[in-house]
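**Student:** To start, I am sharing the structure in question, which I have written as structure tokens.
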Protein chains: 2
Amino acid sequence: MKQIGLGLLGLGTVGTGLCKLVMENKELIEKRMGISLELKKALVRDLNRERILSQGQLTTDPNEILKDPSIQIVVEVMGGVEPAKTYITEALKAGKAVVTANKELIAKEGHELLTLATEVGQDLYFEASVAGGIPIIRTLKESLIGNRITGIFGIINGTTNYILTKMSQEGSSLESALAAAQRKGYAEADPSSDVEGWDAAYKLAILASIAFGSRVEIDKVHVEGICKIEPEDLKYSQELGYTLKLLAIGKNSPEGIQVRVHPTLIPQQHPLATVSGVYNAVFLEDDSFGELMFYGRGAGELPTGSAVLSDVIACGRDLVLGKAGSLNCTCFEERPVLPMDDVQCKYYVRLVVDDRPGVLAKIADCFGSNGVSLAQVIQKGYEEPVDLVFVSHRVQEGQMKKALAQIEALPFVHKVANLIRVEGEEQFGTAAR
Amino acid sequence: MKQIGLGLLGLGTVGTGLCKLVMENKELIEKRMGISLELKKALVRDLNRERILSQGQLTTDPNEILKDPSIQIVVEVMGGVEPAKTYITEALKAGKAVVTANKELIAKEGHELLTLATEVGQDLYFEASVAGGIPIIRTLKESLIGNRITGIFGIINGTTNYILTKMSQEGSSLESALAAAQRKGYAEADPSSDVEGWDAAYKLAILASIAFGSRVEIDKVHVEGICKIEPEDLKYSQELGYTLKLLAIGKNSPEGIQVRVHPTLIPQQHPLATVSGVYNAVFLEDDSFGELMFYGRGAGELPTGSAVLSDVIACGRDLVLGKAGSLNCTCFEERPVLPMDDVQCKYYVRLVVDDRPGVLAKIADCFGSNGVSLAQVIQKGYEEPVDLVFVSHRVQEGQMKKALAQIEALPFVHKVANLIRVEGEEQFGTAAR
């Protein structure tokens, strides 16, 4: 049986999950794949902490992994760009396959690293970098490689999905829902990467690059987090037949690519609307399969460890078959990313206004004169100032922004409290409402 | 660029879908994969019908495909066991890769054909045989090969899901829902394979064999269709917080494998409960990823054609890389299939009884003396005889059947109208109710 040595860079949650699965499923993997995975060594910062591996298997010197000829696969689960990038570069140059769970690194430096991997004829796999236990990367790279994918709609940040689910079900504030998420271990002490949308943006850049076959740079992704969402927005959304989600959206059209992470209203009948709590889902559209959705746990020791294991086994198989390095970069063209002002959407707009005669007419006039046509209006609230909520028909974002700038300047308008895009009605909305 | 010739055995719905996609996505596939797919020839019965291929590309002689050295991949989309099996055997022996969409053939003869494919070092792929456009087979064979999958819950027959959705939403009878499905082209003129559960059983045998790594013979699958379902059952299910689906269920436990297709009640909060109409979904459980669900269109020209194309591209890649035949049979052990009497479930039981004093006590006594403990009771109906509906706690099926045999013999019991198993409450039921 082919023995394959594994070296881990990092031994936190995901690394520990991988070790557990390699130990528990060792016999199963040997029987199914004819390869024997051997956990050789793990790079850690503190040698004295109790861990799943024995102390003799721990090291603080990366060279003990990068230069060990008995290690054929290096698993990077330390996170962050550096020193992960340097270590991965060295591992690839040393003729080792690399598996990483590092979304930030792949989103920012994936192109360079994948190009290197192809040059040196090694695998660089990163299933665990997006959506935890959901096998979406390999599916895009293999099963759907012949498909012309037109849309990606992802709930790919469990922390914010938990927060929005809790706000929606219990009417709680963002702060209290975030505190609950932190108590449950679903949010970090510094939750900014999650609530500001960056975590989802990294993952979207990766998904869109593969799905559209065109490299999406992270700074081209429009990113809005959930910080401006208030309980009122969830209440009105429900009244209007929508569910509010932080969606990572990629669209590919003849004009160019759209990549954006922002709070989004989707019809309550949409399959993504039922994805609640810390669960993740990726919904894809094309003109042949129609719609596909992949649903599962987006984080956690064993789900993410399972995704890493899947890559490790794929590397092992490639080593045995002698076909390493054949499935790295899949970007075959360079497509422009559309500026947000050119994006067309339906919009939910919540204004806080004085409740007096003529207000609605003046606001409606600002919308109309900028080409924004309205589909629904709700006025609620008994104490001044009141909420005024609009849902528009489809319009270019630039037009909507012009209208809102004029509206914001009106004397009886206290503020434009929120502007939330509406998506996913083509298939799942109107028919059922 | 590597040219790869395709020969089609059959040119019906799926074959036509494949041809369309090969034509439309030709450039994309060439750019992404560096292979050029050439549609060479298709075996048809009637040369004179108008088709997507030119008349010169049609033949009634299978040898024009099986013996054509310019054809490297044979796509079998004719259906049925023979002559498909003979043709596939000849194609493999002639050194060609084979892609098939034929669930019945793979469920019945997959073991023999996959063994042959491995012997001759060729690929035999069958993504399109299960769940149309959902890429579940490759995901199980590659991404999840290191996972110990414990449960499969599939909505893998679109016809019956459409019928049950319509009955549930509109209160219509099975007959009228079936007629509607036939009008829409979702059900065939002879719908027996769908409504009796056989179509789902073939697909389950394939899924379970791969997921559990142990060959499941089709005659070991317990099959019940939806013929006994009446509008009352859907009404009571909803009252009890359940959704009724025809589920294909596979479970793998230390005692053995369970494989069964039958109407099933699942909690309304379960992700499968929202899969409506002709959509399909496969829900998986294991002890690392936790839960995964794959959702999409289970049939149709382009969704199924897309699954065939995905296999064709995989074969093409394997040919280029020289690794054909490496991912055929994945069964590595032989596990027993449990008899239904040993299966443990919760059950919904609907009795039709005379409405008189003492009836409930006698029936409850029959349940109790056979170890069946009851969780819920509903009595409805104002005209004699009345419906009496029970939901039990978990109990062995053998015990439940003994109790029902005694109950059926009671003088005031008109009939045991239905016995429906309840699943999926572990994660998604009790917490939310």
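Chain lettering (A, B, ...) mirrors the order of the structure tokens, residue numbering begins at 1 for each chain separately, and ligand numbering begins at 1 in order of display.
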At a cut-off of 7 Å, using only C-alpha atoms, what residues contact A:Gly371? Leave out same-chain residues fewer than 3 positions from it and give the result as a PDB file with C-alpha atoms, in the first residue's frame.
**Tutor:**
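Contents of around-v4.pdb, freshly written:
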```
ATOM      1  CA  PHE A 367     -37.882  58.511  -7.626  1.00  0.00           C
ATOM      2  CA  GLY A 368     -39.879  59.077 -10.809  1.00  0.00           C
ATOM      3  CA  GLN A 399     -30.230  55.963 -10.953  1.00  0.00           C
TER       4      GLN A 399
END
```
**Student:** Fewer than 6 positions away in the same chain doesn't count, so skip those; otherwise give me all residues within 10 Å of stretch 260-269 of chain B, counting only C-alpha atoms, as a VMD selection string.
**Tutor:** (chain A and resid 274) or (chain B and resid 153 to 155 160 164 196 to 202 204 to 205 220 to 229 234 237 to 238 240 to 251 340 346 to 348 419 to 433)
**Student:** Let me see the file: selected residues, C-alpha atoms, as a PDB file, in the first residue's frame.
**Tutor:**
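Produced file result.pdb, reproduced below:
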```pdb
ATOM      1  CA  THR A 274     -34.831  28.331   4.419  1.00  0.00           C
TER       2      THR A 274
ATOM      3  CA  PHE B 153     -32.469  10.770   2.219  1.00  0.00           C
ATOM      4  CA  GLY B 154     -33.401  11.440  -1.364  1.00  0.00           C
ATOM      5  CA  ILE B 155     -36.256  13.061  -3.207  1.00  0.00           C
ATOM      6  CA  THR B 160     -44.102  11.735  -7.514  1.00  0.00           C
ATOM      7  CA  LEU B 164     -47.451  15.026  -3.708  1.00  0.00           C
ATOM      8  CA  GLU B 196     -44.827   2.586  -7.603  1.00  0.00           C
ATOM      9  CA  GLY B 197     -41.381   3.730  -6.508  1.00  0.00           C
ATOM     10  CA  TRP B 198     -39.202   1.665  -8.860  1.00  0.00           C
ATOM     11  CA  ASP B 199     -37.521   4.614 -10.518  1.00  0.00           C
ATOM     12  CA  ALA B 200     -36.455   5.881  -7.084  1.00  0.00           C
ATOM     13  CA  ALA B 201     -35.397   2.380  -6.036  1.00  0.00           C
ATOM     14  CA  TYR B 202     -32.950   2.034  -8.944  1.00  0.00           C
ATOM     15  CA  LEU B 204     -31.246   4.522  -4.357  1.00  0.00           C
ATOM     16  CA  ALA B 205     -29.475   1.234  -5.074  1.00  0.00           C
ATOM     17  CA  LYS B 220     -32.956  -5.906  -1.507  1.00  0.00           C
ATOM     18  CA  VAL B 221     -34.559  -2.464  -1.696  1.00  0.00           C
ATOM     19  CA  HIS B 222     -37.923  -2.232   0.064  1.00  0.00           C
ATOM     20  CA  VAL B 223     -40.229  -0.392  -2.352  1.00  0.00           C
ATOM     21  CA  GLU B 224     -43.582   1.246  -1.659  1.00  0.00           C
ATOM     22  CA  GLY B 225     -45.031   3.818  -4.017  1.00  0.00           C
ATOM     23  CA  ILE B 226     -47.510   6.607  -3.402  1.00  0.00           C
ATOM     24  CA  CYS B 227     -50.630   4.773  -4.623  1.00  0.00           C
ATOM     25  CA  LYS B 228     -52.174   4.469  -1.157  1.00  0.00           C
ATOM     26  CA  ILE B 229     -51.785   8.158  -0.298  1.00  0.00           C
ATOM     27  CA  LEU B 234     -51.656  15.083   3.530  1.00  0.00           C
ATOM     28  CA  SER B 237     -49.601  15.366   8.115  1.00  0.00           C
ATOM     29  CA  GLN B 238     -49.755  19.145   7.900  1.00  0.00           C
ATOM     30  CA  LEU B 240     -49.061  17.249  12.830  1.00  0.00           C
ATOM     31  CA  GLY B 241     -46.256  19.514  11.576  1.00  0.00           C
ATOM     32  CA  TYR B 242     -45.019  17.204   8.843  1.00  0.00           C
ATOM     33  CA  THR B 243     -44.551  17.244   5.085  1.00  0.00           C
ATOM     34  CA  LEU B 244     -45.190  14.059   3.114  1.00  0.00           C
ATOM     35  CA  LYS B 245     -42.521  13.035   0.575  1.00  0.00           C
ATOM     36  CA  LEU B 246     -41.650   9.893  -1.315  1.00  0.00           C
ATOM     37  CA  LEU B 247     -38.180   9.393   0.157  1.00  0.00           C
ATOM     38  CA  ALA B 248     -35.446   7.031  -0.908  1.00  0.00           C
ATOM     39  CA  ILE B 249     -33.698   6.209   2.346  1.00  0.00           C
ATOM     40  CA  GLY B 250     -30.383   4.506   2.924  1.00  0.00           C
ATOM     41  CA  LYS B 251     -28.875   4.039   6.367  1.00  0.00           C
ATOM     42  CA  MET B 340     -37.770  -4.354   7.148  1.00  0.00           C
ATOM     43  CA  LYS B 346     -41.679   6.412  14.243  1.00  0.00           C
ATOM     44  CA  TYR B 347     -44.957   5.727  12.445  1.00  0.00           C
ATOM     45  CA  TYR B 348     -48.065   7.581  11.384  1.00  0.00           C
ATOM     46  CA  LEU B 419     -48.969   3.316   7.663  1.00  0.00           C
ATOM     47  CA  ILE B 420     -46.397   6.007   6.943  1.00  0.00           C
ATOM     48  CA  ARG B 421     -42.904   6.136   8.395  1.00  0.00           C
ATOM     49  CA  VAL B 422     -41.613   9.319  10.045  1.00  0.00           C
ATOM     50  CA  GLU B 423     -37.977  10.362   9.533  1.00  0.00           C
ATOM     51  CA  GLY B 424     -35.591  13.251   9.973  1.00  0.00           C
ATOM     52  CA  GLU B 425     -36.673  14.480  13.385  1.00  0.00           C
ATOM     53  CA  GLU B 426     -33.262  14.048  15.027  1.00  0.00           C
ATOM     54  CA  GLN B 427     -31.892  17.349  13.782  1.00  0.00           C
ATOM     55  CA  PHE B 428     -34.741  19.311  12.371  1.00  0.00           C
ATOM     56  CA  GLY B 429     -37.862  18.365  14.224  1.00  0.00           C
ATOM     57  CA  THR B 430     -38.270  18.588  17.933  1.00  0.00           C
ATOM     58  CA  ALA B 431     -36.068  21.620  18.508  1.00  0.00           C
ATOM     59  CA  ALA B 432     -38.211  23.796  16.311  1.00  0.00           C
ATOM     60  CA  ARG B 433     -41.610  22.555  17.410  1.00  0.00           C
TER      61      ARG B 433
END
```
**Student:** Quick one: everything within 12 Å of B:Gly110, counting only C-alpha atoms, minus sequence neighbours fewer than 2 positions away in the same chain. Send it as an MDAnalysis selection string.
**Tutor:** chainID B and resid 81 84:85 88:89 100:108 112:118 124:126 129 202:203 205:207 209:210 215:218 328:331
**Student:** Record the distance separating atom CA of B:Ser369 and atom CA of B:Ala403, expressed in Å with one decimal.
**Tutor:**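 Going from atom CA of B:Ser369 over to atom CA of B:Ala403, I get 7.9 Å.
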**Student:** Find the residues around stretch 380-397 of chain A up to 10 Å (only C-alpha atoms counted), leave out those fewer than 4 positions away in its own chain, and share them as an NGL selection string.
**Tutor:** :A and (232-233 or 236-237 or 240 or 339-356 or 360 or 364 or 367 or 370-376 or 401-403 or 412-422)
**Student:** At a cut-off of 6 Å, which residues of chain B touch chain A? Count only C-alpha atoms and give the answer as a list in words.
**Tutor:** Ile29, Arg32, Gly133, Ser143, Gly146, Ser288, Phe289, Glu291, Leu292, Met293, Phe294, Tyr295, Gly296, Leu302, Pro303, Ser310 and Phe332 of chain B
**Student:** Give me, please, the distance in Å between atom CA of B:Gly95 and atom CA of B:Lys2, quoted to one decimal.
**Tutor:**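 Distance between the two atoms: 17.2 Å.
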**Student:** Could you tell me, as a ChimeraX atom specification, which residues of stretch 140-325 of chain B DSSP assigns to strand (DSSP E) when given the backbone?
**Tutor:** /B:149-155,222-223,242-253,256-267,279-286,291-297
**Student:** Can you write out the residues you just picked, keeping N, CA and C atoms, as a CSV table (one decimal), in the first residue's frame?
**Tutor:**
```
chain,number,residue,atom,x,y,z
B,149,ILE,N,-20.4,7.8,5.4
B,149,ILE,CA,-21.7,8.3,5.3
B,149,ILE,C,-22.7,7.3,6.0
B,150,THR,N,-23.6,7.9,6.9
B,150,THR,CA,-24.5,7.1,7.6
B,150,THR,C,-25.9,7.1,7.1
B,151,GLY,N,-26.3,8.2,6.4
B,151,GLY,CA,-27.6,8.3,6.0
B,151,GLY,C,-27.8,9.0,4.7
B,152,ILE,N,-28.7,8.5,3.8
B,152,ILE,CA,-29.1,9.1,2.6
B,152,ILE,C,-30.6,9.3,2.6
B,153,PHE,N,-31.0,10.5,2.3
B,153,PHE,CA,-32.5,10.8,2.2
B,153,PHE,C,-32.7,11.5,0.9
B,154,GLY,N,-33.3,10.8,-0.1
B,154,GLY,CA,-33.4,11.4,-1.4
B,154,GLY,C,-34.8,11.7,-1.8
B,155,ILE,N,-35.1,12.8,-2.4
B,155,ILE,CA,-36.3,13.1,-3.2
B,155,ILE,C,-35.7,12.9,-4.6
B,222,HIS,N,-36.5,-2.2,-0.3
B,222,HIS,CA,-37.9,-2.2,0.1
B,222,HIS,C,-38.6,-1.1,-0.7
B,223,VAL,N,-39.6,-1.4,-1.5
B,223,VAL,CA,-40.2,-0.4,-2.4
B,223,VAL,C,-41.7,-0.3,-2.1
B,242,TYR,N,-45.9,18.0,9.8
B,242,TYR,CA,-45.0,17.2,8.8
B,242,TYR,C,-45.3,17.5,7.4
B,243,THR,N,-44.4,17.2,6.5
B,243,THR,CA,-44.6,17.2,5.1
B,243,THR,C,-44.4,15.8,4.6
B,244,LEU,N,-45.2,15.4,3.6
B,244,LEU,CA,-45.2,14.1,3.1
B,244,LEU,C,-44.4,14.0,1.8
B,245,LYS,N,-43.4,13.2,1.8
B,245,LYS,CA,-42.5,13.0,0.6
B,245,LYS,C,-42.3,11.6,0.3
B,246,LEU,N,-42.1,11.2,-1.0
B,246,LEU,CA,-41.6,9.9,-1.3
B,246,LEU,C,-40.1,9.9,-1.2
B,247,LEU,N,-39.6,9.3,-0.1
B,247,LEU,CA,-38.2,9.4,0.2
B,247,LEU,C,-37.5,8.1,-0.2
B,248,ALA,N,-36.3,8.2,-0.7
B,248,ALA,CA,-35.4,7.0,-0.9
B,248,ALA,C,-34.4,7.1,0.2
B,249,ILE,N,-34.5,6.1,1.1
B,249,ILE,CA,-33.7,6.2,2.3
B,249,ILE,C,-32.7,5.1,2.4
B,250,GLY,N,-31.4,5.5,2.7
B,250,GLY,CA,-30.4,4.5,2.9
B,250,GLY,C,-29.7,4.8,4.3
B,251,LYS,N,-29.6,3.8,5.1
B,251,LYS,CA,-28.9,4.0,6.4
B,251,LYS,C,-27.8,3.0,6.5
B,252,ASN,N,-26.7,3.4,7.1
B,252,ASN,CA,-25.6,2.4,7.3
B,252,ASN,C,-25.3,2.4,8.8
B,253,SER,N,-25.6,1.3,9.5
B,253,SER,CA,-25.3,1.2,10.9
B,253,SER,C,-24.5,-0.1,11.2
B,256,GLY,N,-26.2,-3.3,9.9
B,256,GLY,CA,-26.4,-3.5,8.5
B,256,GLY,C,-26.9,-2.3,7.8
B,257,ILE,N,-27.2,-2.5,6.5
B,257,ILE,CA,-27.7,-1.4,5.7
B,257,ILE,C,-29.2,-1.4,5.6
B,258,GLN,N,-29.9,-0.3,5.6
B,258,GLN,CA,-31.3,-0.2,5.3
B,258,GLN,C,-31.4,0.5,4.0
B,259,VAL,N,-32.2,0.0,3.1
B,259,VAL,CA,-32.5,0.6,1.8
B,259,VAL,C,-34.0,0.5,1.5
B,260,ARG,N,-34.7,1.6,1.5
B,260,ARG,CA,-36.1,1.6,1.4
B,260,ARG,C,-36.6,2.9,0.7
B,261,VAL,N,-37.6,2.7,-0.1
B,261,VAL,CA,-38.3,3.8,-0.8
B,261,VAL,C,-39.8,3.7,-0.4
B,262,HIS,N,-40.2,4.8,0.3
B,262,HIS,CA,-41.6,4.8,0.7
B,262,HIS,C,-42.1,6.2,1.0
B,263,PRO,N,-43.4,6.4,1.1
B,263,PRO,CA,-43.9,7.7,1.5
B,263,PRO,C,-43.4,7.9,2.9
B,264,THR,N,-43.0,9.2,3.2
B,264,THR,CA,-42.3,9.4,4.5
B,264,THR,C,-42.8,10.8,5.0
B,265,LEU,N,-43.0,10.9,6.3
B,265,LEU,CA,-43.3,12.2,6.9
B,265,LEU,C,-42.0,12.8,7.5
B,266,ILE,N,-41.7,14.0,7.1
B,266,ILE,CA,-40.5,14.7,7.6
B,266,ILE,C,-41.0,16.0,8.3
B,267,PRO,N,-40.3,16.5,9.3
B,267,PRO,CA,-40.7,17.8,9.9
B,267,PRO,C,-40.7,18.9,8.9
B,279,TYR,N,-38.6,19.3,-8.5
B,279,TYR,CA,-37.2,19.3,-8.1
B,279,TYR,C,-36.8,18.1,-7.3
B,280,ASN,N,-35.5,17.8,-7.4
B,280,ASN,CA,-34.9,16.6,-6.7
B,280,ASN,C,-34.0,17.2,-5.6
B,281,ALA,N,-33.7,16.3,-4.6
B,281,ALA,CA,-32.7,16.7,-3.6
B,281,ALA,C,-32.2,15.4,-3.0
B,282,VAL,N,-30.9,15.4,-2.7
B,282,VAL,CA,-30.3,14.3,-1.9
B,282,VAL,C,-29.7,14.9,-0.7
B,283,PHE,N,-30.1,14.4,0.5
B,283,PHE,CA,-29.6,14.8,1.8
B,283,PHE,C,-28.8,13.7,2.4
B,284,LEU,N,-27.6,14.1,2.8
B,284,LEU,CA,-26.6,13.1,3.3
B,284,LEU,C,-26.3,13.4,4.8
B,285,GLU,N,-26.0,12.4,5.6
B,285,GLU,CA,-25.6,12.5,6.9
B,285,GLU,C,-24.3,11.7,7.2
B,286,ASP,N,-23.4,12.3,7.9
B,286,ASP,CA,-22.3,11.5,8.4
B,286,ASP,C,-21.8,12.1,9.7
B,291,GLU,N,-24.5,17.4,8.0
B,291,GLU,CA,-25.5,17.2,6.9
B,291,GLU,C,-25.1,18.0,5.7
B,292,LEU,N,-25.4,17.4,4.6
B,292,LEU,CA,-25.2,18.0,3.3
B,292,LEU,C,-26.5,17.8,2.5
B,293,MET,N,-26.9,18.8,1.7
B,293,MET,CA,-28.0,18.6,0.8
B,293,MET,C,-27.6,19.2,-0.6
B,294,PHE,N,-28.0,18.4,-1.6
B,294,PHE,CA,-27.8,18.8,-3.0
B,294,PHE,C,-29.1,18.9,-3.6
B,295,TYR,N,-29.4,20.0,-4.2
B,295,TYR,CA,-30.8,20.3,-4.7
B,295,TYR,C,-30.7,20.8,-6.2
B,296,GLY,N,-31.6,20.3,-7.0
B,296,GLY,CA,-31.7,20.8,-8.4
B,296,GLY,C,-32.7,20.1,-9.2
B,297,ARG,N,-32.6,20.2,-10.5
B,297,ARG,CA,-33.6,19.6,-11.4
B,297,ARG,C,-33.2,18.1,-11.7
```
**Student:** Considering only C-alpha atoms, state which residue in the set B:Ile156, B:Val77, B:Ala97, B:Leu47 is at the smallest distance from B:Ala131.
**Tutor:** B:Ile156
**Student:** In Å, with one decimal, what is the gap from atom CA of A:Lys141 to atom CA of B:Gly325?
**Tutor:**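 Value for the atom CA of A:Lys141-atom CA of B:Gly325 distance: 20.0 Å.
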**Student:** Please identify all polymer residues within 9 Å of A:Val44, counting only C-alpha atoms, omitting same-chain residues fewer than 5 positions from it, and present them as a list of chain:residue names.
**Tutor:**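 Listing them by chain and then by number gives A:Leu8, A:Leu9, A:Gly10, A:Leu11, A:Gly12, A:Leu58, A:Thr59, A:Thr60, A:Asp61, A:Pro62.
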**Student:** If you keep N, CA and C atoms, can you produce a file of those selected residues as a PDB file, in the first residue's frame?
**Tutor:**
```pdb
ATOM      1  N   LEU A   8       1.442  19.179   8.802  1.00  0.00           N
ATOM      2  CA  LEU A   8       0.464  20.242   8.995  1.00  0.00           C
ATOM      3  C   LEU A   8       1.150  21.545   9.392  1.00  0.00           C
ATOM      4  N   LEU A   9       0.785  22.612   8.726  1.00  0.00           N
ATOM      5  CA  LEU A   9       1.210  23.942   9.154  1.00  0.00           C
ATOM      6  C   LEU A   9       0.050  24.530   9.939  1.00  0.00           C
ATOM      7  N   GLY A  10       0.125  24.423  11.270  1.00  0.00           N
ATOM      8  CA  GLY A  10      -0.991  24.840  12.111  1.00  0.00           C
ATOM      9  C   GLY A  10      -1.731  23.626  12.647  1.00  0.00           C
ATOM     10  N   LEU A  11      -2.195  23.750  13.885  1.00  0.00           N
ATOM     11  CA  LEU A  11      -2.931  22.626  14.489  1.00  0.00           C
ATOM     12  C   LEU A  11      -4.029  23.194  15.391  1.00  0.00           C
ATOM     13  N   GLY A  12      -4.814  24.100  14.801  1.00  0.00           N
ATOM     14  CA  GLY A  12      -5.962  24.662  15.527  1.00  0.00           C
ATOM     15  C   GLY A  12      -7.195  23.815  15.283  1.00  0.00           C
ATOM     16  N   LEU A  58       5.232  17.359  17.162  1.00  0.00           N
ATOM     17  CA  LEU A  58       5.070  18.812  17.073  1.00  0.00           C
ATOM     18  C   LEU A  58       6.427  19.473  16.837  1.00  0.00           C
ATOM     19  N   THR A  59       6.388  20.596  16.137  1.00  0.00           N
ATOM     20  CA  THR A  59       7.624  21.339  15.925  1.00  0.00           C
ATOM     21  C   THR A  59       7.299  22.827  15.821  1.00  0.00           C
ATOM     22  N   THR A  60       8.299  23.659  16.130  1.00  0.00           N
ATOM     23  CA  THR A  60       8.129  25.093  15.907  1.00  0.00           C
ATOM     24  C   THR A  60       8.934  25.539  14.678  1.00  0.00           C
ATOM     25  N   ASP A  61       9.587  24.580  14.019  1.00  0.00           N
ATOM     26  CA  ASP A  61      10.446  24.906  12.880  1.00  0.00           C
ATOM     27  C   ASP A  61       9.788  24.439  11.576  1.00  0.00           C
ATOM     28  N   PRO A  62       9.334  25.373  10.742  1.00  0.00           N
ATOM     29  CA  PRO A  62       8.646  24.974   9.498  1.00  0.00           C
ATOM     30  C   PRO A  62       9.497  24.074   8.615  1.00  0.00           C
TER      31      PRO A  62
END
```
**Student:** Which residues in stretch 97-339 of chain B does DSSP call helix (DSSP H, G or I)? List them as a PyMOL selection string.
**Tutor:** chain B and resi 103-120+127-129+136-143+158-170+174-183+192-195+198-212+218-220+231-239+271-274+301-321
**Student:** Have a look at A:Val130, A:Leu6, A:Ile363, A:Leu174 and name the one nearest to A:Ile73; count only C-alpha atoms.
**Tutor:**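 Distance minimum relative to A:Ile73 lands on A:Leu6.
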